[in-house]
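Shown here: structure24.tsv, TSV, C-alpha atoms.
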```
chain	number	residue	atom	x	y	z
A	1	MET	CA	-68.66	12.68	23.52
A	2	HIS	CA	-69.29	16.33	22.86
A	3	ASP	CA	-68.23	18.26	19.79
A	4	LEU	CA	-66.00	20.76	21.57
A	5	SER	CA	-65.51	22.88	18.46
A	6	LYS	CA	-68.98	24.34	19.01
A	7	TYR	CA	-68.08	25.74	22.44
A	8	SER	CA	-66.86	29.30	22.98
A	9	LEU	CA	-63.51	29.97	24.62
A	10	ALA	CA	-65.25	30.95	27.87
A	11	GLN	CA	-67.30	27.75	27.83
A	12	LEU	CA	-64.19	25.67	27.20
A	13	ARG	CA	-62.36	27.33	30.10
A	14	ALA	CA	-65.32	26.67	32.41
A	15	LEU	CA	-65.40	23.09	31.22
A	16	GLU	CA	-61.65	22.83	31.85
A	17	VAL	CA	-62.15	23.92	35.47
A	18	GLN	CA	-64.90	21.34	35.91
A	19	VAL	CA	-62.75	18.60	34.37
A	20	ILE	CA	-59.78	19.43	36.60
A	21	ASP	CA	-62.00	19.42	39.70
A	22	GLU	CA	-63.52	16.09	38.72
A	23	LEU	CA	-60.08	14.60	38.05
A	24	LYS	CA	-58.94	15.63	41.53
A	25	THR	CA	-62.08	14.15	43.07
A	26	GLN	CA	-61.79	10.88	41.17
A	27	HIS	CA	-58.08	10.60	42.03
A	28	PHE	CA	-58.82	11.14	45.73
A	29	LEU	CA	-61.63	8.58	45.64
A	30	SER	CA	-59.46	5.96	43.93
A	31	ILE	CA	-56.70	6.45	46.52
A	32	SER	CA	-59.24	6.21	49.35
A	33	LYS	CA	-60.71	3.03	47.88
A	34	ALA	CA	-57.26	1.47	47.46
A	35	ARG	CA	-56.37	2.41	51.05
A	36	GLU	CA	-59.53	0.76	52.35
A	37	GLN	CA	-58.80	-2.39	50.34
A	38	ILE	CA	-55.26	-2.53	51.74
A	39	LEU	CA	-56.52	-2.07	55.31
A	40	HIS	CA	-59.15	-4.77	54.77
A	41	ILE	CA	-56.48	-7.23	53.60
A	42	ALA	CA	-54.24	-6.27	56.53
A	43	ARG	CA	-57.05	-6.77	59.06
A	44	ASN	CA	-57.83	-10.19	57.56
A	45	ALA	CA	-54.15	-11.04	58.01
A	46	GLY	CA	-54.35	-10.00	61.67
A	47	LEU	CA	-52.48	-6.71	61.31
A	48	SER	CA	-53.60	-3.40	62.74
A	49	GLU	CA	-53.20	-0.17	60.83
A	50	MET	CA	-50.32	0.78	63.16
A	51	GLN	CA	-48.55	-2.52	62.46
A	52	LEU	CA	-49.06	-2.05	58.75
A	53	ARG	CA	-47.51	1.43	58.90
A	54	ALA	CA	-44.52	0.05	60.85
A	55	ILE	CA	-43.59	-2.44	58.12
A	56	LYS	CA	-40.41	-1.41	56.37
A	57	VAL	CA	-39.92	-2.45	52.78
A	58	PRO	CA	-36.40	-3.83	52.32
A	59	LYS	CA	-34.25	-1.79	49.99
A	60	MET	CA	-32.70	-3.36	46.95
A	61	PRO	CA	-28.99	-3.97	47.41
A	62	LYS	CA	-26.82	-1.55	45.51
A	63	GLN	CA	-25.06	-3.00	42.55
A	64	GLY	CA	-21.34	-2.51	42.50
A	65	THR	CA	-19.61	-0.40	39.93
A	66	ALA	CA	-18.56	-2.10	36.74
A	67	GLN	CA	-14.95	-3.15	36.30
A	68	VAL	CA	-12.75	-0.97	34.12
A	69	LYS	CA	-12.41	-2.53	30.67
A	70	TYR	CA	-10.64	0.26	28.82
A	71	ARG	CA	-7.94	2.68	29.88
A	72	ASN	CA	-6.49	5.50	27.82
A	73	PRO	CA	-2.85	4.49	27.10
A	74	GLU	CA	-1.94	8.18	26.85
A	75	ASP	CA	-3.60	9.07	30.18
A	76	PRO	CA	-4.19	6.09	32.52
A	77	ASN	CA	-6.51	8.20	34.69
A	78	GLN	CA	-9.07	8.11	31.89
A	79	GLN	CA	-10.97	4.85	32.01
A	80	TRP	CA	-14.24	3.34	30.85
A	81	SER	CA	-16.20	0.25	31.85
A	82	GLY	CA	-17.53	-0.32	28.35
A	83	ARG	CA	-21.06	0.46	29.53
A	84	GLY	CA	-23.10	3.54	28.75
A	85	ARG	CA	-22.01	6.39	26.53
A	86	GLN	CA	-18.48	6.41	25.26
A	87	PRO	CA	-16.37	9.08	26.93
A	88	ALA	CA	-14.75	11.75	24.77
A	89	TRP	CA	-11.32	10.08	24.92
A	90	VAL	CA	-12.78	6.82	23.54
A	91	LYS	CA	-14.55	8.65	20.72
A	92	ALA	CA	-11.33	10.51	19.86
A	93	TRP	CA	-9.33	7.26	20.06
A	94	VAL	CA	-11.63	5.44	17.65
A	95	ALA	CA	-11.96	8.50	15.36
A	96	SER	CA	-8.17	8.62	15.02
A	97	GLY	CA	-8.29	5.13	13.51
A	98	LYS	CA	-6.92	3.27	16.53
A	99	PRO	CA	-8.75	0.08	17.46
A	100	LEU	CA	-10.55	0.15	20.79
A	101	GLU	CA	-8.94	-3.19	21.61
A	102	ASP	CA	-5.61	-1.36	22.01
A	103	ALA	CA	-7.05	0.42	25.04
A	104	LYS	CA	-8.40	-2.74	26.66
A	105	THR	CA	-6.97	-3.45	30.13
```
Rewrite the coordinates I just gave you, this time as structure tokens.
Amino acid sequence: MHDLSKYSLAQLRALEVQVIDELKTQHFLSISKAREQILHIARNAGLSEMQLRAIKVPKMPKQGTAQVKYRNPEDPNQQWSGRGRQPAWVKAWVASGKPLEDAKT
């Protein structure tokens, strides 16, 4: 490693440009190498590059929404599944000293 504190600002900026260029080059080379490895594996499996490109990765099924566990007795349109952040009405409900269980559906 170099002691960078001995470099002038101009030298550091020049070095920064060189580092950024080298990072881009190394990134490109690693992607190219990975691509070649993938194509090699595909060819060994009997797939052409066109067939490999045509493969569609199945999407994960969407998870349904969580069931409502709590409903505001004062306004039934306000509801909460019990997951994630507590909505404002739940915070106000609990802060007023009322047990959350009273709002359970």
Report task. Just give me the gap between atom CA of A:Glu101 and atom CA of A:Tyr70 in Å, one decimal is fine. Result -> 8.2 Å
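By all atoms listed in the file, and with residues fewer than 5 positions from stretch 33-37 of chain A along its chain excluded, the set lying at most 12 Å from it is Gln26, His27, Phe28, Ala42, Arg43, Asn44, Glu49, Leu52 and Arg53 of chain A.
Taking all atoms listed in the file, the non-local environment of A:Ala88 within 12 Å (same-chain residues fewer than 4 positions away omitted) comprises Asn72, Gln78, Gln79, Trp80, Ala92, Trp93, Val94 and Ala95 of chain A.
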Go ahead and fit an axis-aligned box to every listed atom of stretch 78-96 of chain A plus 3 Å each side, and pass me the centre and edge lengths in Å, one decimal, as JSON.
```
{"center_x": -15.6, "center_y": 5.7, "center_z": 23.5, "size_x": 20.9, "size_y": 18.1, "size_z": 23.0}
```
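Between A:Glu74 and the candidates A:Met1, A:Met50, A:Leu23, A:Ala103, the tightest atom-to-atom separation, counting all atoms listed in the file, involves A:Ala103.
The interatomic distance for the pair atom CA of A:Gly64 and atom CA of A:Arg83 works out to 13.3 Å.
Of the residues listed (A:Ser32, A:Gly82, A:Ser8, A:Pro99), A:Gly82 shows the shortest atom-to-atom separation from A:Gln67; distances use all atoms listed in the file.
Atom CA of A:Thr25 lies 28.9 Å from atom CA of A:Gln51.
Minimum atom-to-atom distances from A:Lys24, A:Lys104, A:Ser5, A:Ser96 to A:Val68 were compared using all atoms listed in the file, and the lowest value belongs to A:Lys104.
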